[in-house]
file run-v5.pdb (PDB, C-alpha atoms and all ligand atoms)
ATOM      1  CA  MET A   1      -2.739 -22.393   4.758
ATOM      2  CA  PHE A   2       0.419 -20.450   5.697
ATOM      3  CA  THR A   3       3.301 -22.491   4.279
ATOM      4  CA  ASN A   4       6.076 -20.496   5.952
ATOM      5  CA  ILE A   5       7.273 -17.040   6.957
ATOM      6  CA  ASP A   6       8.244 -15.319   3.716
ATOM      7  CA  HIS A   7       9.909 -12.311   5.304
ATOM      8  CA  MET A   8      10.096 -10.018   8.306
ATOM      9  CA  ALA A   9       9.970  -6.323   7.467
ATOM     10  CA  ILE A  10      11.738  -3.506   9.270
ATOM     11  CA  CYS A  11      10.891   0.099   8.481
ATOM     12  CA  VAL A  12      13.748   2.569   8.133
ATOM     13  CA  LYS A  13      14.138   6.252   7.352
ATOM     14  CA  ASP A  14      17.184   5.981   5.101
ATOM     15  CA  LEU A  15      17.466   2.812   3.025
ATOM     16  CA  ASN A  16      21.036   3.413   1.774
ATOM     17  CA  ASN A  17      22.297   4.029   5.264
ATOM     18  CA  SER A  18      20.482   0.960   6.647
ATOM     19  CA  ILE A  19      21.740  -1.314   3.863
ATOM     20  CA  TYR A  20      25.266  -0.186   4.648
ATOM     21  CA  LYS A  21      24.751  -0.978   8.361
ATOM     22  CA  TYR A  22      23.211  -4.400   7.690
ATOM     23  CA  GLU A  23      26.048  -5.281   5.315
ATOM     24  CA  THR A  24      28.957  -4.022   7.407
ATOM     25  CA  GLU A  25      27.694  -4.719  10.928
ATOM     26  CA  LEU A  26      25.385  -7.722  10.498
ATOM     27  CA  GLN A  27      27.384  -8.972   7.492
ATOM     28  CA  LEU A  28      24.226  -9.777   5.548
ATOM     29  CA  ASN A  29      24.168  -9.388   1.799
ATOM     30  CA  CYS A  30      21.600  -7.135   0.132
ATOM     31  CA  SER A  31      20.414  -9.224  -2.804
ATOM     32  CA  TYR A  32      17.571  -7.151  -4.197
ATOM     33  CA  ARG A  33      16.092  -3.615  -4.287
ATOM     34  CA  GLU A  34      12.825  -2.396  -5.732
ATOM     35  CA  ILE A  35      10.524   0.602  -5.682
ATOM     36  CA  VAL A  36       6.933  -0.533  -5.092
ATOM     37  CA  GLU A  37       4.949   2.531  -6.142
ATOM     38  CA  GLU A  38       1.549   1.205  -5.115
ATOM     39  CA  GLN A  39       2.697   0.922  -1.486
ATOM     40  CA  GLY A  40       4.745   4.129  -1.606
ATOM     41  CA  VAL A  41       7.946   2.378  -0.538
ATOM     42  CA  GLU A  42      11.393   1.291  -1.628
ATOM     43  CA  VAL A  43      12.402  -2.122  -0.309
ATOM     44  CA  ALA A  44      15.687  -4.016   0.064
ATOM     45  CA  PHE A  45      16.005  -7.737   0.738
ATOM     46  CA  PHE A  46      18.570  -9.751   2.661
ATOM     47  CA  GLU A  47      18.379 -13.527   2.363
ATOM     48  CA  THR A  48      19.075 -15.819   5.298
ATOM     49  CA  GLU A  49      18.783 -19.626   5.259
ATOM     50  CA  ASN A  50      15.146 -19.610   6.303
ATOM     51  CA  VAL A  51      13.543 -16.150   6.514
ATOM     52  CA  ASN A  52      14.255 -13.106   4.373
ATOM     53  CA  ILE A  53      14.631  -9.665   5.928
ATOM     54  CA  GLU A  54      12.968  -6.769   4.119
ATOM     55  CA  LEU A  55      13.924  -3.165   4.855
ATOM     56  CA  ILE A  56      11.259  -0.649   3.835
ATOM     57  CA  GLN A  57      11.680   3.078   3.398
ATOM     58  CA  PRO A  58       8.671   5.307   2.727
ATOM     59  CA  LEU A  59       8.941   7.326  -0.479
ATOM     60  CA  SER A  60       6.731  10.184   0.711
ATOM     61  CA  PRO A  61       4.527  11.300   3.621
ATOM     62  CA  ASN A  62       1.594   9.624   1.841
ATOM     63  CA  SER A  63       3.040   6.173   2.464
ATOM     64  CA  PRO A  64       1.463   4.282   5.396
ATOM     65  CA  VAL A  65       5.000   3.465   6.507
ATOM     66  CA  TYR A  66       5.862   7.166   6.878
ATOM     67  CA  LYS A  67       3.066   7.633   9.407
ATOM     68  CA  TYR A  68       4.183   4.556  11.336
ATOM     69  CA  ILE A  69       7.822   5.708  11.591
ATOM     70  CA  GLU A  70       6.702   9.168  12.709
ATOM     71  CA  LYS A  71       4.671   7.586  15.507
ATOM     72  CA  LYS A  72       6.789   4.610  16.588
ATOM     73  CA  GLY A  73      10.221   5.129  15.023
ATOM     74  CA  GLU A  74      12.221   2.609  13.035
ATOM     75  CA  GLY A  75      11.732  -1.079  13.819
ATOM     76  CA  LEU A  76       9.707  -4.201  13.100
ATOM     77  CA  HIS A  77       6.850  -3.256  10.773
ATOM     78  CA  HIS A  78       5.231  -6.546   9.731
ATOM     79  CA  ILE A  79       5.585 -10.305   9.370
ATOM     80  CA  ALA A  80       4.692 -11.866   6.028
ATOM     81  CA  PHE A  81       3.256 -15.378   5.760
ATOM     82  CA  ARG A  82       3.435 -17.159   2.424
ATOM     83  CA  VAL A  83       0.434 -18.913   0.861
ATOM     84  CA  GLU A  84       0.174 -21.009  -2.326
ATOM     85  CA  ASN A  85      -2.995 -19.323  -3.540
ATOM     86  CA  ILE A  86      -3.780 -15.776  -2.463
ATOM     87  CA  ASP A  87      -7.358 -15.704  -3.782
ATOM     88  CA  GLU A  88      -8.215 -18.797  -1.741
ATOM     89  CA  ALA A  89      -6.564 -17.207   1.311
ATOM     90  CA  ILE A  90      -8.641 -14.030   0.968
ATOM     91  CA  THR A  91     -11.865 -16.010   0.553
ATOM     92  CA  ASP A  92     -11.076 -18.214   3.547
ATOM     93  CA  LEU A  93     -10.033 -15.375   5.884
ATOM     94  CA  LYS A  94     -13.054 -13.262   4.889
ATOM     95  CA  LYS A  95     -15.339 -16.192   5.662
ATOM     96  CA  ARG A  96     -13.654 -16.403   9.086
ATOM     97  CA  GLN A  97     -14.325 -12.692   9.671
ATOM     98  CA  PHE A  98     -10.681 -11.594   9.629
ATOM     99  CA  HIS A  99     -10.174  -7.830   9.483
ATOM    100  CA  LEU A 100      -8.533  -7.584   6.064
ATOM    101  CA  LEU A 101      -7.194  -4.280   4.764
ATOM    102  CA  GLN A 102      -7.801  -5.284   1.136
ATOM    103  CA  ASP A 103     -10.204  -7.742  -0.403
ATOM    104  CA  THR A 104      -8.274  -8.121  -3.637
ATOM    105  CA  PRO A 105      -4.520  -8.747  -3.947
ATOM    106  CA  ARG A 106      -2.125  -5.840  -4.438
ATOM    107  CA  LYS A 107       1.262  -5.746  -6.175
ATOM    108  CA  GLY A 108       4.186  -6.596  -3.878
ATOM    109  CA  SER A 109       7.912  -6.806  -4.569
ATOM    110  CA  HIS A 110       9.428  -9.578  -6.758
ATOM    111  CA  GLY A 111       6.165  -9.706  -8.755
ATOM    112  CA  SER A 112       4.367 -11.097  -5.704
ATOM    113  CA  LYS A 113       0.713 -10.603  -4.772
ATOM    114  CA  ILE A 114      -0.001  -9.320  -1.271
ATOM    115  CA  PHE A 115      -2.662  -8.182   1.174
ATOM    116  CA  PHE A 116      -2.664  -7.244   4.857
ATOM    117  CA  ILE A 117      -4.519  -8.140   8.074
ATOM    118  CA  HIS A 118      -5.238  -5.127  10.307
ATOM    119  CA  PRO A 119      -2.613  -4.750  13.076
ATOM    120  CA  LYS A 120      -5.304  -4.524  15.755
ATOM    121  CA  GLN A 121      -6.323  -8.164  15.168
ATOM    122  CA  PHE A 122      -3.011  -9.698  16.336
ATOM    123  CA  GLY A 123      -1.184  -6.698  17.817
ATOM    124  CA  MET A 124       1.052  -6.512  14.728
ATOM    125  CA  LEU A 125       0.648  -5.971  11.012
ATOM    126  CA  ILE A 126       0.506  -9.244   9.042
ATOM    127  CA  GLU A 127       1.100  -9.500   5.310
ATOM    128  CA  ILE A 128      -0.038 -12.473   3.260
ATOM    129  CA  VAL A 129       2.045 -13.117   0.155
ATOM    130  CA  GLU A 130       1.852 -15.347  -2.883
ATOM    131  CA  LYS A 131       5.310 -15.622  -4.399
ATOM    132  CA  GLY A 132       5.874 -13.999  -7.784
ATOM    133  CA  GLU A 133       7.937 -15.026 -10.778
ATOM    134  CA  LEU A 134      11.079 -12.948 -10.055
TER     135      LEU A 134
HETATM  136  C1  LIG A 201      -0.282   0.877  12.250
HETATM  137  N1  LIG A 201      -0.422   0.319  13.471
HETATM  138  C2  LIG A 201       0.442  -0.691  13.601
HETATM  139  C3  LIG A 201       1.159  -0.734  12.372
HETATM  140  N2  LIG A 201       0.671   0.248  11.558
HETATM  141  N3  LIG A 201       0.683  -1.540  14.603
HETATM  142  C4  LIG A 201       1.636  -2.462  14.419
HETATM  143  N4  LIG A 201       2.373  -2.570  13.272
HETATM  144  C5  LIG A 201       2.159  -1.728  12.249
HETATM  145  N5  LIG A 201       2.882  -1.840  11.134
HETATM  146  C6  LIG A 201      -1.373   0.727  14.505
HETATM  147  C7  LIG A 201      -1.194   2.196  14.857
HETATM  148  O1  LIG A 201      -0.151   2.361  15.801
HETATM  149  C8  LIG A 201      -2.560   2.532  15.399
HETATM  150  O2  LIG A 201      -2.683   2.067  16.712
HETATM  151  C9  LIG A 201      -3.495   1.725  14.519
HETATM  152  O3  LIG A 201      -2.692   0.639  14.001
HETATM  153  C10 LIG A 201      -4.074   2.519  13.361
HETATM  154  O4  LIG A 201      -3.016   3.064  12.648
HETATM  155  P1  LIG A 201      -2.908   4.595  12.207
HETATM  156  O5  LIG A 201      -1.553   5.054  12.496
HETATM  157  O6  LIG A 201      -4.055   5.379  12.708
HETATM  158  O7  LIG A 201      -2.918   4.532  10.653
HETATM  159  P2  LIG A 201      -3.984   4.107   9.596
HETATM  160  O8  LIG A 201      -5.205   3.478  10.183
HETATM  161  O9  LIG A 201      -4.145   5.273   8.703
HETATM  162  O10 LIG A 201      -3.124   3.002   8.831
HETATM  163  C11 LIG A 201      -2.704   1.844   9.468
HETATM  164  C12 LIG A 201      -2.759   0.716   8.442
HETATM  165  C13 LIG A 201      -1.868   1.149   7.231
HETATM  166  C14 LIG A 201      -2.244  -0.569   9.065
HETATM  167  C15 LIG A 201      -4.218   0.529   7.970
HETATM  168  O11 LIG A 201      -0.546   1.356   7.693
HETATM  169  C16 LIG A 201      -1.842   0.156   6.122
HETATM  170  O12 LIG A 201      -2.728   0.115   5.258
HETATM  171  N6  LIG A 201      -0.801  -0.725   6.061
HETATM  172  C17 LIG A 201      -0.740  -1.782   5.058
HETATM  173  C18 LIG A 201       0.102  -1.382   3.885
HETATM  174  C19 LIG A 201       1.550  -1.207   4.213
HETATM  175  O13 LIG A 201       1.940  -1.084   5.368
HETATM  176  N7  LIG A 201       2.408  -1.188   3.162
HETATM  177  C20 LIG A 201       3.825  -1.005   3.281
HETATM  178  C21 LIG A 201       4.568  -2.284   3.185
HETATM  179  P3  LIG A 201      -3.245   3.000  17.902
HETATM  180  O14 LIG A 201      -2.358   4.200  17.904
HETATM  181  O15 LIG A 201      -4.659   3.295  17.453
HETATM  182  O16 LIG A 201      -3.149   2.132  19.115
HETATM  183  S1  LIG A 201       4.870  -2.631   1.541
HETATM  184  C22 LIG A 201       5.467  -4.219   1.416
HETATM  185  O17 LIG A 201       5.574  -4.879   2.518
HETATM  186  C23 LIG A 201       5.799  -4.752   0.207
HETATM  187  C24 LIG A 201       5.760  -3.935  -1.018
HETATM  188  C25 LIG A 201       6.196  -6.175   0.075
HETATM  189  O18 LIG A 201       6.383  -6.837   1.106
HETATM  190  O19 LIG A 201       6.334  -6.680  -1.074
END
call {"tool": "encode", "arguments": {"input": "run-v5.pdb", "output": "structure tokens", "more": "lines below"}}
Ligand code: V0V
result
Amino acid sequence: MFTNIDHMAICVKDLNNSIYKYETELQLNCSYREIVEEQGVEVAFFETENVNIELIQPLSPNSPVYKYIEKKGEGLHHIAFRVENIDEAITDLKKRQFHLLQDTPRKGSHGSKIFFIHPKQFGMLIEIVEKGEL
């Protein structure tokens, strides 16, 4: 079902500052930025040959990412697996009693559709993503 890892996401307090660090120190190129209102975050993407890196900054204290940074600090926030068909993935994982955080897809970056598996199930937050048109 999971065709590959779409991205690994790292939560940060200051997106501009982190982009600068990733570009100057890791010499990665920031190829894309977007505000995703529904998740209360701004994201920035860095492409590598296989897996993309997503930096996420909470836009307000209401964002789930804000709470996580307050508690654990900056660092790895989730891993995102790509699927061909997100509705089929939701149906299948629900049937297998996965602890899903949403039972319908939400809007992700790049016009993607996303949902999440509760972090307690695998000891980390997992995002499932169906690629968008952008
Ligand atoms: C929370 N926990 C995590 C975690 N977030 N553990 C590992 N990785 C994470 N990212 C743990 C937390 O430490 C607690 O453990 C427990 O889960 C319950 O968390 P909580 O702090 O009490 O907070 P809740 O329950 O209010 O919210 C946690 C959840 C929330 C996961 C339900 O953060 C959520 O809905 N996340 C999904 C949406 C999201 O993260 N969106 C931003 C990415 P203890 O202390 O009980 O042991 S947006 C994005 O990726 C986009 C747009 C994209 O890719 O396109």
call {"tool": "resolve_selection", "arguments": {"input": "run-v5.pdb", "expression": "the PyMOL selection byres (((not hetatm)) within 6 of (chain A and resi 201))", "output": "compact mmCIF listing (two decimals) with C-alpha atoms, in the frame of the given file"}}
result
# COMPACT_ATOMS: atom_id res chain seq x y z
CA VAL A 36 6.93 -0.53 -5.09
CA GLN A 39 2.70 0.92 -1.49
CA PRO A 64 1.46 4.28 5.40
CA VAL A 65 5.00 3.46 6.51
CA TYR A 68 4.18 4.56 11.34
CA HIS A 77 6.85 -3.26 10.77
CA HIS A 78 5.23 -6.55 9.73
CA GLY A 108 4.19 -6.60 -3.88
CA SER A 109 7.91 -6.81 -4.57
CA PHE A 116 -2.66 -7.24 4.86
CA HIS A 118 -5.24 -5.13 10.31
CA PRO A 119 -2.61 -4.75 13.08
CA MET A 124 1.05 -6.51 14.73
CA LEU A 125 0.65 -5.97 11.01
call {"tool": "atom_distance", "arguments": {"input": "run-v5.pdb", "atom1": "CA of Glu74 (chain A)", "atom2": "CA of Cys11 (chain A)"}}
result
5.4 Å
call {"tool": "residues_around", "arguments": {"input": "run-v5.pdb", "residues": "Leu15 (chain A)", "least_positions_apart": "4", "cutoff": "9 Å", "atoms": "all atoms listed in the file", "output": "VMD selection string"}}
result
chain A and resid 11 19 to 20 42 to 44 55 to 57
call {"tool": "resolve_selection", "arguments": {"input": "run-v5.pdb", "expression": "the PyMOL selection byres (((chain A and resi 128) around 6) and not hetatm)", "output": "PyMOL selection string"}}
result
chain A and resi 80-82+114-115+127+129
call {"tool": "resolve_selection", "arguments": {"input": "run-v5.pdb", "expression": "the PyMOL selection byres (((chain A and resi 40) around 6) and not hetatm)", "output": "PyMOL selection string"}}
result
chain A and resi 37-39+41+58-59+63
call {"tool": "closest_residue", "arguments": {"input": "run-v5.pdb", "among": "A:Glu133, A:Gln102, A:Gln97, A:Asn4", "to": "Gln121 (chain A)", "atoms": "all atoms listed in the file"}}
result
A:Gln97
call {"tool": "residues_around", "arguments": {"input": "run-v5.pdb", "residues": "Thr48 (chain A)", "least_positions_apart": "4", "cutoff": "9 Å", "atoms": "all atoms listed in the file", "output": "list in words"}}
result
Leu28, Asn29, Asn52 and Ile53 of chain A
call {"tool": "write_last_selection", "arguments": {"input": "run-v5.pdb", "atoms": "C-alpha atoms", "output": "short mmCIF file (atom, residue, chain, number, x, y, z; two decimals), keeping the file's coordinate frame"}}
result
data_model
loop_
_atom_site.label_atom_id
_atom_site.label_comp_id
_atom_site.auth_asym_id
_atom_site.auth_seq_id
_atom_site.Cartn_x
_atom_site.Cartn_y
_atom_site.Cartn_z
CA LEU A 28 24.23 -9.78 5.55
CA ASN A 29 24.17 -9.39 1.80
CA ASN A 52 14.26 -13.11 4.37
CA ILE A 53 14.63 -9.66 5.93
#
call {"tool": "closest_residue", "arguments": {"input": "run-v5.pdb", "among": "A:His7, A:Lys72, A:Lys67, A:Lys120", "to": "Phe98 (chain A)", "atoms": "only C-alpha atoms"}}
result
A:Lys120
call {"tool": "atom_distance", "arguments": {"input": "run-v5.pdb", "atom1": "CA of Lys13 (chain A)", "atom2": "CA of Glu25 (chain A)"}}
result
17.8 Å
call {"tool": "residues_around", "arguments": {"input": "run-v5.pdb", "residues": "Val83 (chain A)", "least_positions_apart": "6", "cutoff": "6 Å", "atoms": "all atoms listed in the file", "output": "list in words"}}
result
Phe2, Thr3 and Glu130 of chain A
call {"tool": "atom_distance", "arguments": {"input": "run-v5.pdb", "atom1": "CA of Glu34 (chain A)", "atom2": "CA of Gly111 (chain A)"}}
result
10.3 Å
call {"tool": "closest_residue", "arguments": {"input": "run-v5.pdb", "among": "A:Lys71, A:His99, A:Lys113, A:Arg106", "to": "Glu84 (chain A)", "atoms": "all atoms listed in the file"}}
result
A:Lys113
call {"tool": "closest_residue", "arguments": {"input": "run-v5.pdb", "among": "A:Lys21, A:Lys94, A:Lys131, A:Arg33", "to": "Ser112 (chain A)", "atoms": "all atoms listed in the file"}}
result
A:Lys131
call {"tool": "closest_residue", "arguments": {"input": "run-v5.pdb", "among": "A:Phe46, A:Phe122, A:Tyr32, A:Tyr66", "to": "His110 (chain A)", "atoms": "only C-alpha atoms"}}
result
A:Tyr32
call {"tool": "decode", "arguments": {"input": "run-v5.pdb", "residues": "region 17-30 of chain A", "atoms": "all heavy atoms", "output": "PDB file, in the first residue's frame"}}
result
ATOM      1  N   ASN A  17      14.793  31.303   9.649  1.00  0.00           N
ATOM      2  CA  ASN A  17      16.097  31.007  10.226  1.00  0.00           C
ATOM      3  C   ASN A  17      16.534  29.577   9.874  1.00  0.00           C
ATOM      4  O   ASN A  17      17.687  29.327   9.516  1.00  0.00           O
ATOM      5  CB  ASN A  17      15.983  31.203  11.743  1.00  0.00           C
ATOM      6  CG  ASN A  17      17.308  31.047  12.435  1.00  0.00           C
ATOM      7  OD1 ASN A  17      18.324  31.508  11.924  1.00  0.00           O
ATOM      8  ND2 ASN A  17      17.306  30.370  13.578  1.00  0.00           N
ATOM      9  N   SER A  18      15.580  28.628   9.942  1.00  0.00           N
ATOM     10  CA  SER A  18      15.919  27.231   9.656  1.00  0.00           C
ATOM     11  C   SER A  18      16.235  27.033   8.180  1.00  0.00           C
ATOM     12  O   SER A  18      17.158  26.287   7.832  1.00  0.00           O
ATOM     13  CB  SER A  18      14.777  26.305  10.066  1.00  0.00           C
ATOM     14  OG  SER A  18      14.625  26.381  11.460  1.00  0.00           O
ATOM     15  N   ILE A  19      15.485  27.699   7.308  1.00  0.00           N
ATOM     16  CA  ILE A  19      15.781  27.585   5.867  1.00  0.00           C
ATOM     17  C   ILE A  19      17.208  28.074   5.600  1.00  0.00           C
ATOM     18  O   ILE A  19      17.983  27.436   4.883  1.00  0.00           O
ATOM     19  CB  ILE A  19      14.756  28.396   5.022  1.00  0.00           C
ATOM     20  CG1 ILE A  19      13.390  27.729   5.071  1.00  0.00           C
ATOM     21  CG2 ILE A  19      15.226  28.527   3.578  1.00  0.00           C
ATOM     22  CD1 ILE A  19      12.269  28.538   4.441  1.00  0.00           C
ATOM     23  N   TYR A  20      17.534  29.188   6.217  1.00  0.00           N
ATOM     24  CA  TYR A  20      18.890  29.735   6.037  1.00  0.00           C
ATOM     25  C   TYR A  20      19.950  28.720   6.466  1.00  0.00           C
ATOM     26  O   TYR A  20      20.921  28.463   5.770  1.00  0.00           O
ATOM     27  CB  TYR A  20      19.017  31.038   6.840  1.00  0.00           C
ATOM     28  CG  TYR A  20      20.390  31.653   6.745  1.00  0.00           C
ATOM     29  CD1 TYR A  20      20.782  32.330   5.598  1.00  0.00           C
ATOM     30  CD2 TYR A  20      21.313  31.520   7.800  1.00  0.00           C
ATOM     31  CE1 TYR A  20      22.055  32.871   5.488  1.00  0.00           C
ATOM     32  CE2 TYR A  20      22.583  32.058   7.699  1.00  0.00           C
ATOM     33  CZ  TYR A  20      22.946  32.731   6.543  1.00  0.00           C
ATOM     34  OH  TYR A  20      24.216  33.243   6.433  1.00  0.00           O
ATOM     35  N   LYS A  21      19.717  28.084   7.640  1.00  0.00           N
ATOM     36  CA  LYS A  21      20.675  27.082   8.148  1.00  0.00           C
ATOM     37  C   LYS A  21      20.778  25.876   7.222  1.00  0.00           C
ATOM     38  O   LYS A  21      21.857  25.369   6.934  1.00  0.00           O
ATOM     39  CB  LYS A  21      20.213  26.575   9.526  1.00  0.00           C
ATOM     40  CG  LYS A  21      20.745  27.388  10.675  1.00  0.00           C
ATOM     41  CD  LYS A  21      20.430  26.744  12.004  1.00  0.00           C
ATOM     42  CE  LYS A  21      21.427  25.650  12.354  1.00  0.00           C
ATOM     43  NZ  LYS A  21      21.189  25.090  13.694  1.00  0.00           N
ATOM     44  N   TYR A  22      19.628  25.377   6.765  1.00  0.00           N
ATOM     45  CA  TYR A  22      19.636  24.199   5.881  1.00  0.00           C
ATOM     46  C   TYR A  22      20.342  24.529   4.563  1.00  0.00           C
ATOM     47  O   TYR A  22      21.036  23.688   4.002  1.00  0.00           O
ATOM     48  CB  TYR A  22      18.198  23.702   5.617  1.00  0.00           C
ATOM     49  CG  TYR A  22      17.708  22.753   6.686  1.00  0.00           C
ATOM     50  CD1 TYR A  22      17.575  23.171   8.013  1.00  0.00           C
ATOM     51  CD2 TYR A  22      17.404  21.433   6.390  1.00  0.00           C
ATOM     52  CE1 TYR A  22      17.144  22.301   9.000  1.00  0.00           C
ATOM     53  CE2 TYR A  22      16.966  20.565   7.382  1.00  0.00           C
ATOM     54  CZ  TYR A  22      16.837  21.000   8.678  1.00  0.00           C
ATOM     55  OH  TYR A  22      16.416  20.126   9.649  1.00  0.00           O
ATOM     56  N   GLU A  23      20.156  25.769   4.086  1.00  0.00           N
ATOM     57  CA  GLU A  23      20.771  26.125   2.805  1.00  0.00           C
ATOM     58  C   GLU A  23      22.265  26.368   2.942  1.00  0.00           C
ATOM     59  O   GLU A  23      23.050  25.892   2.132  1.00  0.00           O
ATOM     60  CB  GLU A  23      20.073  27.355   2.206  1.00  0.00           C
ATOM     61  CG  GLU A  23      18.687  26.989   1.710  1.00  0.00           C
ATOM     62  CD  GLU A  23      18.055  28.011   0.784  1.00  0.00           C
ATOM     63  OE1 GLU A  23      18.237  29.222   1.030  1.00  0.00           O
ATOM     64  OE2 GLU A  23      17.372  27.580  -0.172  1.00  0.00           O
ATOM     65  N   THR A  24      22.659  27.073   4.012  1.00  0.00           N
ATOM     66  CA  THR A  24      24.084  27.424   4.131  1.00  0.00           C
ATOM     67  C   THR A  24      24.904  26.292   4.740  1.00  0.00           C
ATOM     68  O   THR A  24      26.016  26.021   4.302  1.00  0.00           O
ATOM     69  CB  THR A  24      24.278  28.702   4.972  1.00  0.00           C
ATOM     70  OG1 THR A  24      23.676  28.489   6.252  1.00  0.00           O
ATOM     71  CG2 THR A  24      23.675  29.915   4.310  1.00  0.00           C
ATOM     72  N   GLU A  25      24.343  25.591   5.727  1.00  0.00           N
ATOM     73  CA  GLU A  25      25.137  24.567   6.414  1.00  0.00           C
ATOM     74  C   GLU A  25      24.979  23.195   5.773  1.00  0.00           C
ATOM     75  O   GLU A  25      25.953  22.480   5.542  1.00  0.00           O
ATOM     76  CB  GLU A  25      24.770  24.538   7.906  1.00  0.00           C
ATOM     77  CG  GLU A  25      25.180  25.836   8.599  1.00  0.00           C
ATOM     78  CD  GLU A  25      24.680  25.952  10.034  1.00  0.00           C
ATOM     79  OE1 GLU A  25      24.465  24.921  10.684  1.00  0.00           O
ATOM     80  OE2 GLU A  25      24.501  27.093  10.494  1.00  0.00           O
ATOM     81  N   LEU A  26      23.736  22.809   5.459  1.00  0.00           N
ATOM     82  CA  LEU A  26      23.536  21.490   4.833  1.00  0.00           C
ATOM     83  C   LEU A  26      23.612  21.579   3.309  1.00  0.00           C
ATOM     84  O   LEU A  26      23.648  20.557   2.621  1.00  0.00           O
ATOM     85  CB  LEU A  26      22.179  20.899   5.251  1.00  0.00           C
ATOM     86  CG  LEU A  26      22.048  20.501   6.718  1.00  0.00           C
ATOM     87  CD1 LEU A  26      20.644  19.966   6.998  1.00  0.00           C
ATOM     88  CD2 LEU A  26      23.070  19.436   7.096  1.00  0.00           C
ATOM     89  N   GLN A  27      23.642  22.800   2.794  1.00  0.00           N
ATOM     90  CA  GLN A  27      23.701  23.052   1.351  1.00  0.00           C
ATOM     91  C   GLN A  27      22.566  22.370   0.594  1.00  0.00           C
ATOM     92  O   GLN A  27      22.762  21.808  -0.491  1.00  0.00           O
ATOM     93  CB  GLN A  27      25.072  22.644   0.809  1.00  0.00           C
ATOM     94  CG  GLN A  27      26.173  23.293   1.647  1.00  0.00           C
ATOM     95  CD  GLN A  27      27.410  23.624   0.863  1.00  0.00           C
ATOM     96  OE1 GLN A  27      27.890  22.798   0.114  1.00  0.00           O
ATOM     97  NE2 GLN A  27      27.914  24.825   1.044  1.00  0.00           N
ATOM     98  N   LEU A  28      21.384  22.375   1.193  1.00  0.00           N
ATOM     99  CA  LEU A  28      20.190  21.886   0.507  1.00  0.00           C
ATOM    100  C   LEU A  28      19.444  23.106  -0.038  1.00  0.00           C
ATOM    101  O   LEU A  28      19.571  24.205   0.503  1.00  0.00           O
ATOM    102  CB  LEU A  28      19.290  21.118   1.487  1.00  0.00           C
ATOM    103  CG  LEU A  28      19.855  19.801   2.014  1.00  0.00           C
ATOM    104  CD1 LEU A  28      18.990  19.257   3.141  1.00  0.00           C
ATOM    105  CD2 LEU A  28      19.973  18.777   0.888  1.00  0.00           C
ATOM    106  N   ASN A  29      18.678  22.870  -1.095  1.00  0.00           N
ATOM    107  CA  ASN A  29      17.989  23.986  -1.717  1.00  0.00           C
ATOM    108  C   ASN A  29      16.497  23.978  -1.362  1.00  0.00           C
ATOM    109  O   ASN A  29      15.821  22.974  -1.584  1.00  0.00           O
ATOM    110  CB  ASN A  29      18.197  23.858  -3.240  1.00  0.00           C
ATOM    111  CG  ASN A  29      17.505  24.972  -3.964  1.00  0.00           C
ATOM    112  OD1 ASN A  29      17.523  26.135  -3.519  1.00  0.00           O
ATOM    113  ND2 ASN A  29      16.861  24.634  -5.058  1.00  0.00           N
ATOM    114  N   CYS A  30      16.017  25.091  -0.815  1.00  0.00           N
ATOM    115  CA  CYS A  30      14.586  25.170  -0.503  1.00  0.00           C
ATOM    116  C   CYS A  30      13.832  25.423  -1.806  1.00  0.00           C
ATOM    117  O   CYS A  30      14.003  26.459  -2.439  1.00  0.00           O
ATOM    118  CB  CYS A  30      14.335  26.300   0.495  1.00  0.00           C
ATOM    119  SG  CYS A  30      12.575  26.526   0.827  1.00  0.00           S
TER     120      CYS A  30
END
